[in-house]
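**Student:** Submitted below is the structure of interest, expressed as structure tokens.
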Amino acid sequence: MTKDNTGPDNGNKWGETPDEDGKSKAAEDHASSEFALPELIAGLERLDRVYANEAVPPSLGELQAQLIAASERHRRRMLREWLLFWLISLFLLGFSLLAITSAPPLYWMVQGLIPIAGIIALVMRLGRKGRGEWR
Amino acid sequence: MSDEESQIIRKAQRGDRQALAQLLQNHYSFMYKYLLKLTMDPALAEDVTQDTIVRCMEKIALYNGSSSFSSWMITIATRLYIDRMRRRSREEEWIRREQGIRSIRWRFEAQGEEWSDVLDALSRVPLPQRIALLLKHYYGYSYSEIGRILGIPEGTAKSRAAYGLRQLREELKEDDEG
Amino acid sequence: MKEHSNLPLWAWVVLAVLLMTQGTLLFRAARDLGRWRWFWGLWGMTTFPLPTILYLLFVVFPEHRRKQKDITEQDKKIRK
């Protein structure tokens with residue numbers, strides 16, 4: 001249960017009762033579990049009420065028109081991406097066929113480096129995600 | 001999930017635009033309200049809602065029913081919002097937040113609704129903790145669901161929610177004292 | 001490695017077609033899953049069959065396992 005309170009910056013900011021532990025912490029938790037939460041929920045419900053008009057969904061026709069416009073944009077973007085992919089691919093394909101014939105050591109070295117680079121990128125990404133950073 | 005909804009979803013996945021519009025309309029209100037609470041900025045909530053609709057359309061085929069449709073949408077909306085915030089500097093974020101909260105406050109007054117300091121306090125909780133706090137204590141998601149929505153481990157979701165709540169209380173106490 | 005240049009023309013054509021097919025399929029598959037489409041697609045254009053094998057190993061297989069896990073989790077929820 002005490003693990004519940006180990007926030008990332010714990011200890012630095014929460015300086016009020018630094019050497020409390022175990023029981024007193026749990027007691028404080030219990031007492032304060034009533035503090036702020038009901039207010040929060042009531043406040044957010046009031047917020048919903050005040051913005052009830054904005055939350056009314058648009059008509060089906062409007063939504064459909066929006067979807068059509070968006071799917072058209074999407075289709076165009078995909079087409080552009082596809083063309084770009086093919087263009088780059090043709091160059092790459094040409095280069096690799098050329099490399100296999102004229103410079104095999106270079107070709108195989110590059111082929112070995114690609115998965116290694118991919119794994120490094122993956123590990124870096126997972127590391128960032130695991131620490132939960134997004135800045 | 002009701003049978004009716006899963007039927008609409010299946011239709012939408014097969015490319016039936018009317019079914020998709022219906023599905024999005026059903027969830028529109030829920031999504032806008034969620035984004036309003038998350039962003040504390042009505043204009044931004046509106047923008048992200050639009051983005052979410054477009055993204056849902058693009059990704060509807062990828063929805064596999066392993067979570068409810070509404071939490072799938074929340075996942076998309078949350079990630080779009082986080083992406084937007086990532087592109088902003090801290091100063092910009094601060095200015096926007098002040099503007100957002102001011103416009104909400106103004107609206108409260110205009111409608112004769114009593115202002116609640118807890119909303120002020122909530123807007124000052126840092127974004128990662130605020131999201132976890134909302135999802136846990138307002139929407140009642142489990143930590144593993146929150147983890148899946150944010151793409152973080154369950155333990156991180158738990159500590160963020162706890163830290164967010166603690167910070168909210170701190171902010172409220174400061175309000176009381178100051 | 002000299003024997004490569006002695007390959008008959010038809011073998012070169014087959015190789016090119018194979019690479020193009022592989023790259024295209026990988027790009028599309030990775031795009032639909034939202035996983036590094038450019039990496040898989042472009043690498044798939046340069047060599048065979050390593051990209052396909054690694055794609056199966058690193059993307060398809062984990063995805064399959066994740067789905068199985070989701071299904072069993074839901075099963076548990078239903079049975080509760």
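Each chain in the structure tokens gets a letter, A, B and so on, in the order shown; residues start at 1 in every chain, and ligands are counted from 1 in the order they appear.
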Between chain C and chain A, at 10 Å or less, what are the per-residue closest atom pairs and their distances in Å? Count only C-alpha atoms, order by chain and rising residue number, and return it as a Markdown table.

**Tutor:**
```
| residue | atom | partner | partner_atom | distance |
| --- | --- | --- | --- | --- |
| C:Met1 | CA | A:Pro104 | CA | 6.8 |
| C:Lys2 | CA | A:Thr101 | CA | 7.5 |
| C:Glu3 | CA | A:Thr101 | CA | 8.7 |
| C:His4 | CA | A:Thr101 | CA | 5.9 |
| C:Ser5 | CA | A:Thr101 | CA | 5.5 |
| C:Asn6 | CA | A:Thr101 | CA | 9.2 |
| C:Leu7 | CA | A:Thr101 | CA | 9.8 |
| C:Trp12 | CA | A:Leu97 | CA | 8.4 |
| C:Leu15 | CA | A:Leu97 | CA | 8.9 |
| C:Ala16 | CA | A:Leu93 | CA | 7.4 |
| C:Leu19 | CA | A:Leu93 | CA | 7.7 |
| C:Met20 | CA | A:Leu93 | CA | 7.8 |
| C:Gly23 | CA | A:Ser89 | CA | 8.1 |
| C:Thr24 | CA | A:Trp86 | CA | 8.5 |
| C:Phe27 | CA | A:Phe85 | CA | 8.7 |
| C:Arg28 | CA | A:Trp82 | CA | 9.5 |
| C:Trp36 | CA | A:Gly118 | CA | 9.9 |
| C:Arg37 | CA | A:Phe85 | CA | 9.9 |
| C:Trp38 | CA | A:Phe85 | CA | 7.9 |
| C:Phe39 | CA | A:Gly118 | CA | 8.1 |
| C:Trp40 | CA | A:Gly118 | CA | 9.8 |
| C:Gly41 | CA | A:Phe85 | CA | 8.2 |
| C:Leu42 | CA | A:Ser89 | CA | 6.2 |
| C:Trp43 | CA | A:Ile114 | CA | 7.9 |
| C:Gly44 | CA | A:Ser89 | CA | 9.2 |
| C:Met45 | CA | A:Leu93 | CA | 5.7 |
| C:Thr46 | CA | A:Ser96 | CA | 5.6 |
| C:Thr47 | CA | A:Gln111 | CA | 7.5 |
| C:Leu50 | CA | A:Gln111 | CA | 9.2 |
| C:Pro51 | CA | A:Pro115 | CA | 8.6 |
| C:Leu54 | CA | A:Pro115 | CA | 8.7 |
```

**Student:** Using the selection just defined, write its residues with C-alpha atoms as a PDB file, in the first residue's frame.

**Tutor:**
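So the final result, stored in out-v1.pdb, reads:
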```pdb
ATOM      1  CA  MET C   1      31.239 -13.334 -54.515  1.00  0.00           C
ATOM      2  CA  LYS C   2      32.324 -13.172 -58.117  1.00  0.00           C
ATOM      3  CA  GLU C   3      29.629 -15.628 -59.174  1.00  0.00           C
ATOM      4  CA  HIS C   4      26.979 -12.945 -58.681  1.00  0.00           C
ATOM      5  CA  SER C   5      27.970 -11.134 -61.835  1.00  0.00           C
ATOM      6  CA  ASN C   6      27.814 -14.403 -63.739  1.00  0.00           C
ATOM      7  CA  LEU C   7      24.143 -14.865 -62.925  1.00  0.00           C
ATOM      8  CA  TRP C  12      18.475 -10.764 -61.839  1.00  0.00           C
ATOM      9  CA  LEU C  15      15.648 -11.114 -57.699  1.00  0.00           C
ATOM     10  CA  ALA C  16      14.453  -7.574 -58.461  1.00  0.00           C
ATOM     11  CA  LEU C  19      12.748  -7.559 -53.579  1.00  0.00           C
ATOM     12  CA  MET C  20      10.077  -5.231 -54.886  1.00  0.00           C
ATOM     13  CA  GLY C  23       9.440  -4.280 -49.802  1.00  0.00           C
ATOM     14  CA  THR C  24       5.937  -3.401 -50.925  1.00  0.00           C
ATOM     15  CA  PHE C  27       5.605  -1.411 -46.161  1.00  0.00           C
ATOM     16  CA  ARG C  28       1.885  -2.076 -46.395  1.00  0.00           C
ATOM     17  CA  TRP C  36       7.934   1.735 -38.666  1.00  0.00           C
ATOM     18  CA  ARG C  37       6.701   1.316 -42.234  1.00  0.00           C
ATOM     19  CA  TRP C  38       9.626   3.166 -43.808  1.00  0.00           C
ATOM     20  CA  PHE C  39      12.210   1.057 -42.034  1.00  0.00           C
ATOM     21  CA  TRP C  40      10.662  -2.278 -42.998  1.00  0.00           C
ATOM     22  CA  GLY C  41       9.626  -1.196 -46.473  1.00  0.00           C
ATOM     23  CA  LEU C  42      12.934   0.290 -47.553  1.00  0.00           C
ATOM     24  CA  TRP C  43      15.051  -2.392 -45.968  1.00  0.00           C
ATOM     25  CA  GLY C  44      12.829  -4.956 -47.649  1.00  0.00           C
ATOM     26  CA  MET C  45      13.859  -3.435 -50.978  1.00  0.00           C
ATOM     27  CA  THR C  46      17.533  -4.139 -50.425  1.00  0.00           C
ATOM     28  CA  THR C  47      17.916  -7.721 -49.274  1.00  0.00           C
ATOM     29  CA  LEU C  50      16.250 -11.329 -43.609  1.00  0.00           C
ATOM     30  CA  PRO C  51      13.740  -8.406 -43.405  1.00  0.00           C
ATOM     31  CA  LEU C  54      12.850 -10.351 -38.668  1.00  0.00           C
TER      32      LEU C  54
END
```

**Student:** Identify, on the basis of only C-alpha atoms, every residue whose closest approach to B:Arg102 does not exceed 12 Å; exclude the query and any residue fewer than 2 positions from it along the same chain; express the result as a list of chain:residue names.

**Tutor:** B:Met40, B:Asp41, B:Pro42, B:Ile95, B:Arg96, B:Arg97, B:Glu98, B:Gln99, B:Gly100, B:Ile104, B:Arg105, B:Trp106, B:Arg107, B:Phe108, B:Glu109, B:Trp115, B:Leu119, B:Asp120, B:Ser123

**Student:** Using only C-alpha atoms, determine which residues lie at most 10 Å from B:Ala43, disregarding the query and same-chain residues fewer than 5 positions distant; provide the list as JSON, numbers by chain.

**Tutor:** {"B": [36, 48, 49, 100, 103]}

**Student:** Counting only C-alpha atoms, which residues of stretch 37-67 of chain B fall within 10 Å of stretch 65-75 of chain C, and what is the closest atom pair for each with its distance in Å at one decimal, ordered by chain and rising number, as JSON lines?

**Tutor:**
```
{"residue": "B:Asn64", "atom": "CA", "partner": "C:Lys67", "partner_atom": "CA", "distance": 9.1}
{"residue": "B:Gly65", "atom": "CA", "partner": "C:Asp70", "partner_atom": "CA", "distance": 9.6}
{"residue": "B:Ser66", "atom": "CA", "partner": "C:Asp70", "partner_atom": "CA", "distance": 6.2}
{"residue": "B:Ser67", "atom": "CA", "partner": "C:Asp70", "partner_atom": "CA", "distance": 9.0}
```

**Student:** Which residues of chain B are close to chain C, meaning at most 12 Å apart when you count only C-alpha atoms, and how do they look as a ChimeraX atom specification?

**Tutor:** /B:58-68,144-145,148

**Student:** Could the residues of chain B that have an atom at most 8 Å from chain A be listed as a Markdown table, each with its closest atom pair and the distance in Å to one decimal, counting only C-alpha atoms and ordered by chain and ascending residue number?

**Tutor:**
```
| residue | atom | partner | partner_atom | distance |
| --- | --- | --- | --- | --- |
| B:Arg17 | CA | A:Gln64 | CA | 6.8 |
| B:Gln18 | CA | A:Gln64 | CA | 6.7 |
| B:Ala21 | CA | A:Gln64 | CA | 5.6 |
| B:Gln22 | CA | A:Leu60 | CA | 6.5 |
| B:Gln25 | CA | A:Pro57 | CA | 5.8 |
| B:Asn26 | CA | A:Pro57 | CA | 7.8 |
| B:Tyr28 | CA | A:Pro57 | CA | 5.4 |
| B:Ser29 | CA | A:Ala55 | CA | 4.7 |
| B:Phe30 | CA | A:Ala55 | CA | 7.7 |
| B:Tyr32 | CA | A:Ala55 | CA | 5.7 |
| B:Lys33 | CA | A:Asp48 | CA | 6.4 |
| B:Lys37 | CA | A:Leu44 | CA | 7.1 |
| B:Val54 | CA | A:Ala70 | CA | 6.2 |
| B:Met57 | CA | A:Leu67 | CA | 7.3 |
| B:Glu58 | CA | A:Ser71 | CA | 7.6 |
| B:Ile82 | CA | A:Trp134 | CA | 8.0 |
| B:Arg86 | CA | A:Arg135 | CA | 6.0 |
| B:Arg107 | CA | A:Val50 | CA | 7.2 |
| B:Phe108 | CA | A:Val50 | CA | 6.5 |
| B:Gln111 | CA | A:Val50 | CA | 7.1 |
| B:Glu113 | CA | A:Val50 | CA | 7.6 |
| B:Ser116 | CA | A:Gly43 | CA | 5.8 |
| B:Val118 | CA | A:Leu40 | CA | 5.8 |
| B:Leu119 | CA | A:Gly43 | CA | 6.4 |
| B:His137 | CA | A:Leu37 | CA | 7.5 |
| B:Tyr138 | CA | A:Ile41 | CA | 6.4 |
| B:Gly151 | CA | A:Lys129 | CA | 7.5 |
| B:Ile152 | CA | A:Gly132 | CA | 6.2 |
| B:Pro153 | CA | A:Gly130 | CA | 7.0 |
| B:Thr156 | CA | A:Gly132 | CA | 7.5 |
| B:Lys158 | CA | A:Asp4 | CA | 6.7 |
| B:Ser159 | CA | A:Gly7 | CA | 4.9 |
| B:Arg160 | CA | A:Gly7 | CA | 6.2 |
| B:Ala162 | CA | A:Asn5 | CA | 6.0 |
| B:Tyr163 | CA | A:Gly7 | CA | 5.0 |
| B:Leu168 | CA | A:Ala36 | CA | 7.5 |
| B:Arg169 | CA | A:Ala36 | CA | 6.2 |
| B:Leu172 | CA | A:Ala36 | CA | 7.8 |
```

**Student:** Given only C-alpha atoms as the basis, pick out the residue of B:Thr78, B:Gly155, B:Glu93, B:Asp16 nearest to B:Pro128.

**Tutor:** B:Thr78

**Student:** If I take atom CA of B:Ser71 and atom CA of B:Leu133, how far is one from the other in Å, to one decimal?

**Tutor:**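 Here the two named atoms are 15.5 Å from each other.
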
**Student:** Interatomic distance between atom CA of B:Val125 and atom CA of B:Glu170?

**Tutor:**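 Distance reported for this atom pair: 9.7 Å.
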
**Student:** Mind giving me the straight-line distance from atom CA of C:Val13 to atom CA of C:Phe58 in Å, one decimal?

**Tutor:**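 Straight-line distance from atom CA of C:Val13 to atom CA of C:Phe58 works out to 29.3 Å.
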
**Student:** Tell me, which residues of chain B carry DSSP helix (DSSP H, G or I), written as a ChimeraX atom specification?

**Tutor:** /B:3-13,17-39,42-62,69-86,90-110,117-124,127-138,143-150,154-177
